Amino acid sequence: MTRVTGVVLAGGQGSRMGGVDKGLQPFRGKPMVAHAVERLAPQVDELLINANRNPESYARFGHRVIADEIEGFAGPLAGFERGLAHASGDLVVTVPCDSPFLPADLVARLREALEREGADLAVAKTGDQAHPVFSLMKRTVHESLRAFLSGGERKIDKWYSSLKVVEVAFDDEAGAFLNINTREELASLEPRP
């Protein structure tokens, strides 16, 4: 069986949350990243956490922590690149740290579509909305991504357009892709006492 490496993306600036390290913000009794780790870990053979701040805090979750090679918070593709560079699996799945409800069958459904279509990358979609940071990709896309980033490019959709991509409908689990960007959203999703 092909091994799958999971990468939880926690390397952002958290600018819409006031510049805090979003993955470490408390949510329902534990850091937000803990929810993503707990939901993704059973679906993969190894798990990596991509974080550019507080590596010792992220290491407490028991998985290897990797920082972006590109400095200055270069966005999710920089995290993709590090995940691809460090993965032991032939397939790499990425999820953001701020989506605590991600699907328990995310990897299975993305993988089925990737293999069926002979694609380079499978991306989750609900309705007309693709969720580009919820992706399963072949590790063979690493060189193409390194070249893209070294040219100064950062737009995820532009990189995707160079690959064979399959979009995978998750309309039955649309709420699973909710991401928490602001303190108000965080508070609104806490259970009421």
# chains A, B, ... in the order shown; residues from 1 in each chain; ligands from 1
>>> select_by_dssp(residues="stretch 34-122 of chain A", states="alpha helix (DSSP H)", output="ChimeraX atom specification")
/A:34-40,55-59,76-86,106-117
>>> residues_around(residues="A:Glu112", least_positions_apart="4", cutoff="12 Å", atoms="only C-alpha atoms", output="count of residues only")
15
>>> select_by_dssp(residues="chain A", states="strand (DSSP E)", output="VMD selection string")
chain A and resid 4 to 10 26 to 27 30 to 31 46 to 51 64 to 66 91 to 96 121 to 126 129 to 138 165 to 169
>>> closest_residue(among="A:Gly6, A:His131, A:Val95, A:Gly75", to="A:His63", atoms="only C-alpha atoms")
A:Gly6
>>> residues_around(residues="A:Ala67", least_positions_apart="5", cutoff="12 Å", atoms="only C-alpha atoms", output="PDB file with C-alpha atoms, in the first residue's frame")
ATOM      1  CA  VAL A   7       0.747  17.852   6.804  1.00  0.00           C
ATOM      2  CA  VAL A   8      -1.145  20.180   9.138  1.00  0.00           C
ATOM      3  CA  LEU A   9      -0.505  23.731   7.950  1.00  0.00           C
ATOM      4  CA  ALA A  10       0.050  26.017  10.946  1.00  0.00           C
ATOM      5  CA  GLY A  11       2.603  28.368   9.414  1.00  0.00           C
ATOM      6  CA  GLY A  12       0.477  31.427   8.744  1.00  0.00           C
ATOM      7  CA  LEU A  48       3.980  16.498  10.101  1.00  0.00           C
ATOM      8  CA  ILE A  49       3.113  19.937  11.445  1.00  0.00           C
ATOM      9  CA  ASN A  50       4.229  22.917   9.364  1.00  0.00           C
ATOM     10  CA  ALA A  51       4.780  25.821  11.783  1.00  0.00           C
ATOM     11  CA  ASN A  52       6.933  28.945  11.577  1.00  0.00           C
ATOM     12  CA  ARG A  53       6.532  30.042  15.190  1.00  0.00           C
ATOM     13  CA  ASN A  54       6.515  28.254  18.562  1.00  0.00           C
ATOM     14  CA  PRO A  55       7.973  24.947  17.333  1.00  0.00           C
ATOM     15  CA  GLU A  56       8.322  23.664  20.901  1.00  0.00           C
ATOM     16  CA  TYR A  58       3.691  22.278  18.304  1.00  0.00           C
ATOM     17  CA  ALA A  59       6.175  19.490  19.100  1.00  0.00           C
ATOM     18  CA  GLY A  72       8.344  35.853   5.464  1.00  0.00           C
ATOM     19  CA  PHE A  73       5.163  33.752   5.730  1.00  0.00           C
ATOM     20  CA  ALA A  74       4.983  32.852   2.036  1.00  0.00           C
ATOM     21  CA  GLY A  75       1.578  31.170   2.273  1.00  0.00           C
ATOM     22  CA  PRO A  76       0.282  27.619   2.082  1.00  0.00           C
ATOM     23  CA  ALA A  78       5.536  27.086   1.199  1.00  0.00           C
ATOM     24  CA  GLY A  79       4.038  24.617   3.679  1.00  0.00           C
ATOM     25  CA  PHE A  80       3.133  22.227   0.859  1.00  0.00           C
ATOM     26  CA  GLU A  81       6.736  22.392  -0.352  1.00  0.00           C
ATOM     27  CA  ARG A  82       8.211  21.547   3.060  1.00  0.00           C
ATOM     28  CA  GLY A  83       5.715  18.726   3.516  1.00  0.00           C
ATOM     29  CA  ALA A  85      10.373  17.624   1.003  1.00  0.00           C
ATOM     30  CA  HIS A  86      10.070  15.825   4.357  1.00  0.00           C
TER      31      HIS A  86
END
>>> closest_residue(among="A:Val44, A:Val20, A:Leu189, A:Met137", to="A:Glu115", atoms="only C-alpha atoms")
A:Met137
>>> atom_distance(atom1="atom CA of A:Glu190", atom2="atom CA of A:Ser57")
22.6 Å
>>> residues_around(residues="A:Pro42", least_positions_apart="3", cutoff="10 Å", atoms="only C-alpha atoms", output="ChimeraX atom specification")
/A:6,37-39,45-47,104-105,107
>>> residues_around(residues="stretch 176-185 of chain A", least_positions_apart="6", cutoff="12 Å", atoms="only C-alpha atoms", output="NGL selection string")
:A and (12-23 or 25-27 or 32-33 or 35-36 or 39 or 95-106 or 123-127 or 129-134 or 169-170)
>>> residues_around(residues="A:Ile156", least_positions_apart="2", cutoff="8 Å", atoms="only C-alpha atoms", output="PDB file with all heavy atoms, in the first residue's frame")
ATOM      1  N   PRO A  76       0.407  29.072   1.972  1.00  0.00           N
ATOM      2  CA  PRO A  76       0.282  27.619   2.082  1.00  0.00           C
ATOM      3  C   PRO A  76       1.203  26.825   1.161  1.00  0.00           C
ATOM      4  O   PRO A  76       1.631  25.731   1.517  1.00  0.00           O
ATOM      5  CB  PRO A  76      -1.186  27.342   1.772  1.00  0.00           C
ATOM      6  CG  PRO A  76      -1.752  28.600   1.229  1.00  0.00           C
ATOM      7  CD  PRO A  76      -0.865  29.726   1.653  1.00  0.00           C
ATOM      8  N   LEU A  77       1.525  27.364  -0.011  1.00  0.00           N
ATOM      9  CA  LEU A  77       2.394  26.597  -0.911  1.00  0.00           C
ATOM     10  C   LEU A  77       3.773  26.363  -0.299  1.00  0.00           C
ATOM     11  O   LEU A  77       4.401  25.337  -0.560  1.00  0.00           O
ATOM     12  CB  LEU A  77       2.535  27.290  -2.268  1.00  0.00           C
ATOM     13  CG  LEU A  77       1.313  27.211  -3.186  1.00  0.00           C
ATOM     14  CD1 LEU A  77       1.611  27.904  -4.509  1.00  0.00           C
ATOM     15  CD2 LEU A  77       0.872  25.783  -3.425  1.00  0.00           C
ATOM     16  N   PRO A 132      -8.556  24.682  -1.680  1.00  0.00           N
ATOM     17  CA  PRO A 132      -7.240  24.266  -2.170  1.00  0.00           C
ATOM     18  C   PRO A 132      -6.257  23.812  -1.111  1.00  0.00           C
ATOM     19  O   PRO A 132      -5.310  23.106  -1.433  1.00  0.00           O
ATOM     20  CB  PRO A 132      -6.718  25.498  -2.914  1.00  0.00           C
ATOM     21  CG  PRO A 132      -7.549  26.635  -2.462  1.00  0.00           C
ATOM     22  CD  PRO A 132      -8.865  26.075  -2.031  1.00  0.00           C
ATOM     23  N   ARG A 154       3.289  32.627  -5.762  1.00  0.00           N
ATOM     24  CA  ARG A 154       2.700  32.206  -4.485  1.00  0.00           C
ATOM     25  C   ARG A 154       1.246  31.767  -4.623  1.00  0.00           C
ATOM     26  O   ARG A 154       0.683  31.228  -3.692  1.00  0.00           O
ATOM     27  CB  ARG A 154       2.755  33.356  -3.458  1.00  0.00           C
ATOM     28  CG  ARG A 154       4.155  33.841  -3.124  1.00  0.00           C
ATOM     29  CD  ARG A 154       4.942  32.815  -2.338  1.00  0.00           C
ATOM     30  NE  ARG A 154       6.272  33.271  -1.996  1.00  0.00           N
ATOM     31  CZ  ARG A 154       7.368  33.015  -2.698  1.00  0.00           C
ATOM     32  NH1 ARG A 154       7.292  32.310  -3.820  1.00  0.00           N
ATOM     33  NH2 ARG A 154       8.544  33.448  -2.303  1.00  0.00           N
ATOM     34  N   LYS A 158      -2.762  29.181  -9.462  1.00  0.00           N
ATOM     35  CA  LYS A 158      -1.868  29.248 -10.625  1.00  0.00           C
ATOM     36  C   LYS A 158      -0.998  27.994 -10.690  1.00  0.00           C
ATOM     37  O   LYS A 158      -0.768  27.441 -11.769  1.00  0.00           O
ATOM     38  CB  LYS A 158      -1.005  30.511 -10.558  1.00  0.00           C
ATOM     39  CG  LYS A 158      -0.201  30.744 -11.818  1.00  0.00           C
ATOM     40  CD  LYS A 158       0.462  32.110 -11.814  1.00  0.00           C
ATOM     41  CE  LYS A 158       1.248  32.315 -13.097  1.00  0.00           C
ATOM     42  NZ  LYS A 158       2.003  33.563 -13.083  1.00  0.00           N
ATOM     43  N   TRP A 159      -0.506  27.537  -9.534  1.00  0.00           N
ATOM     44  CA  TRP A 159       0.292  26.300  -9.537  1.00  0.00           C
ATOM     45  C   TRP A 159      -0.576  25.114  -9.935  1.00  0.00           C
ATOM     46  O   TRP A 159      -0.188  24.296 -10.757  1.00  0.00           O
ATOM     47  CB  TRP A 159       0.943  26.073  -8.170  1.00  0.00           C
ATOM     48  CG  TRP A 159       1.747  24.797  -8.132  1.00  0.00           C
ATOM     49  CD1 TRP A 159       2.799  24.461  -8.946  1.00  0.00           C
ATOM     50  CD2 TRP A 159       1.556  23.683  -7.272  1.00  0.00           C
ATOM     51  NE1 TRP A 159       3.275  23.204  -8.627  1.00  0.00           N
ATOM     52  CE2 TRP A 159       2.520  22.707  -7.595  1.00  0.00           C
ATOM     53  CE3 TRP A 159       0.652  23.421  -6.237  1.00  0.00           C
ATOM     54  CZ2 TRP A 159       2.621  21.482  -6.942  1.00  0.00           C
ATOM     55  CZ3 TRP A 159       0.751  22.200  -5.568  1.00  0.00           C
ATOM     56  CH2 TRP A 159       1.722  21.247  -5.924  1.00  0.00           C
ATOM     57  N   TYR A 160      -1.778  25.043  -9.376  1.00  0.00           N
ATOM     58  CA  TYR A 160      -2.686  23.938  -9.703  1.00  0.00           C
ATOM     59  C   TYR A 160      -2.942  23.849 -11.199  1.00  0.00           C
ATOM     60  O   TYR A 160      -3.096  22.762 -11.744  1.00  0.00           O
ATOM     61  CB  TYR A 160      -4.032  24.124  -8.988  1.00  0.00           C
ATOM     62  CG  TYR A 160      -4.066  23.669  -7.554  1.00  0.00           C
ATOM     63  CD1 TYR A 160      -2.909  23.314  -6.871  1.00  0.00           C
ATOM     64  CD2 TYR A 160      -5.268  23.598  -6.868  1.00  0.00           C
ATOM     65  CE1 TYR A 160      -2.950  22.916  -5.560  1.00  0.00           C
ATOM     66  CE2 TYR A 160      -5.320  23.186  -5.545  1.00  0.00           C
ATOM     67  CZ  TYR A 160      -4.161  22.845  -4.901  1.00  0.00           C
ATOM     68  OH  TYR A 160      -4.217  22.440  -3.601  1.00  0.00           O
TER      69      TYR A 160
END
>>> decode(residues="stretch 59-92 of chain A", atoms="N, CA, C and O atoms", output="compact mmCIF listing (two decimals), in the first residue's frame")
# COMPACT_ATOMS: atom_id res chain seq x y z
N ALA A 59 5.53 20.80 18.90
CA ALA A 59 6.18 19.49 19.10
C ALA A 59 5.48 18.69 20.19
O ALA A 59 5.54 17.45 20.19
N ARG A 60 4.79 19.35 21.10
CA ARG A 60 4.09 18.65 22.19
C ARG A 60 2.99 17.73 21.68
O ARG A 60 2.51 16.87 22.42
N PHE A 61 2.58 17.90 20.43
CA PHE A 61 1.54 17.03 19.89
C PHE A 61 2.09 15.69 19.41
O PHE A 61 1.35 14.84 18.93
N GLY A 62 3.42 15.53 19.52
CA GLY A 62 4.02 14.23 19.24
C GLY A 62 4.36 13.95 17.79
O GLY A 62 4.61 12.81 17.42
N HIS A 63 4.38 15.00 16.97
CA HIS A 63 4.71 14.83 15.55
C HIS A 63 5.84 15.79 15.18
O HIS A 63 6.03 16.81 15.84
N ARG A 64 6.56 15.46 14.13
CA ARG A 64 7.68 16.29 13.71
C ARG A 64 7.16 17.65 13.22
O ARG A 64 6.17 17.72 12.50
N VAL A 65 7.86 18.71 13.62
CA VAL A 65 7.50 20.08 13.23
C VAL A 65 8.51 20.56 12.20
O VAL A 65 9.71 20.43 12.39
N ILE A 66 7.99 21.08 11.09
CA ILE A 66 8.84 21.58 10.00
C ILE A 66 8.46 23.02 9.69
O ILE A 66 7.27 23.35 9.65
N ALA A 67 9.46 23.86 9.51
CA ALA A 67 9.22 25.28 9.18
C ALA A 67 9.40 25.50 7.69
O ALA A 67 10.08 24.72 7.01
N ASP A 68 8.80 26.57 7.18
CA ASP A 68 8.99 26.93 5.77
C ASP A 68 10.47 27.19 5.50
O ASP A 68 11.18 27.71 6.35
N GLU A 69 10.89 26.87 4.30
CA GLU A 69 12.24 27.20 3.86
C GLU A 69 12.28 28.66 3.41
O GLU A 69 13.26 29.36 3.61
N ILE A 70 11.17 29.10 2.81
CA ILE A 70 11.06 30.48 2.34
C ILE A 70 10.67 31.35 3.53
O ILE A 70 9.72 31.03 4.23
N GLU A 71 11.37 32.44 3.75
CA GLU A 71 11.07 33.29 4.89
C GLU A 71 9.94 34.26 4.57
O GLU A 71 9.64 34.51 3.41
N GLY A 72 9.33 34.79 5.63
CA GLY A 72 8.34 35.85 5.46
C GLY A 72 6.93 35.38 5.25
O GLY A 72 6.15 36.05 4.57
N PHE A 73 6.54 34.24 5.82
CA PHE A 73 5.16 33.75 5.73
C PHE A 73 4.68 33.76 4.28
O PHE A 73 3.84 34.55 3.88
N ALA A 74 5.23 32.86 3.49
CA ALA A 74 4.98 32.85 2.04
C ALA A 74 3.67 32.18 1.64
O ALA A 74 3.38 32.06 0.46
N GLY A 75 2.88 31.75 2.60
CA GLY A 75 1.58 31.17 2.27
C GLY A 75 1.59 29.65 2.25
O GLY A 75 2.61 29.01 2.48
N PRO A 76 0.41 29.07 1.97
CA PRO A 76 0.28 27.62 2.08
C PRO A 76 1.20 26.83 1.16
O PRO A 76 1.63 25.73 1.52
N LEU A 77 1.53 27.36 -0.01
CA LEU A 77 2.39 26.60 -0.91
C LEU A 77 3.77 26.36 -0.30
O LEU A 77 4.40 25.34 -0.56
N ALA A 78 4.25 27.30 0.52
CA ALA A 78 5.54 27.09 1.20
C ALA A 78 5.43 25.91 2.16
O ALA A 78 6.38 25.12 2.30
N GLY A 79 4.28 25.77 2.81
CA GLY A 79 4.04 24.62 3.68
C GLY A 79 3.90 23.33 2.89
O GLY A 79 4.42 22.27 3.29
N PHE A 80 3.22 23.39 1.75
CA PHE A 80 3.13 22.23 0.86
C PHE A 80 4.55 21.75 0.50
O PHE A 80 4.85 20.57 0.55
N GLU A 81 5.39 22.73 0.12
CA GLU A 81 6.74 22.39 -0.35
C GLU A 81 7.54 21.68 0.74
O GLU A 81 8.20 20.69 0.49
N ARG A 82 7.47 22.19 1.96
CA ARG A 82 8.21 21.55 3.06
C ARG A 82 7.65 20.17 3.37
O ARG A 82 8.39 19.23 3.65
N GLY A 83 6.32 20.03 3.30
CA GLY A 83 5.72 18.73 3.52
C GLY A 83 6.18 17.72 2.48
O GLY A 83 6.55 16.58 2.82
N LEU A 84 6.19 18.13 1.22
CA LEU A 84 6.67 17.25 0.15
C LEU A 84 8.14 16.89 0.34
O LEU A 84 8.56 15.77 0.08
N ALA A 85 8.94 17.86 0.81
CA ALA A 85 10.37 17.62 1.00
C ALA A 85 10.65 16.63 2.13
O ALA A 85 11.60 15.85 2.06
N HIS A 86 9.83 16.65 3.17
CA HIS A 86 10.07 15.83 4.36
C HIS A 86 9.26 14.54 4.39
O HIS A 86 9.51 13.69 5.25
N ALA A 87 8.29 14.38 3.51
CA ALA A 87 7.39 13.23 3.56
C ALA A 87 8.12 11.92 3.28
O ALA A 87 8.97 11.86 2.40
N SER A 88 7.73 10.89 4.01
CA SER A 88 8.21 9.55 3.68
C SER A 88 7.22 8.84 2.77
O SER A 88 7.55 7.86 2.11
N GLY A 89 5.98 9.34 2.74
CA GLY A 89 4.96 8.73 1.89
C GLY A 89 5.05 9.18 0.45
O GLY A 89 5.63 10.23 0.15
N ASP A 90 4.45 8.39 -0.44
CA ASP A 90 4.39 8.77 -1.86
C ASP A 90 3.25 9.74 -2.13
O ASP A 90 3.20 10.38 -3.17
N LEU A 91 2.31 9.81 -1.19
CA LEU A 91 1.21 10.76 -1.28
C LEU A 91 1.27 11.67 -0.07
O LEU A 91 1.61 11.24 1.04
N VAL A 92 0.92 12.95 -0.27
CA VAL A 92 0.95 13.94 0.80
C VAL A 92 -0.41 14.63 0.82
O VAL A 92 -0.88 15.14 -0.20
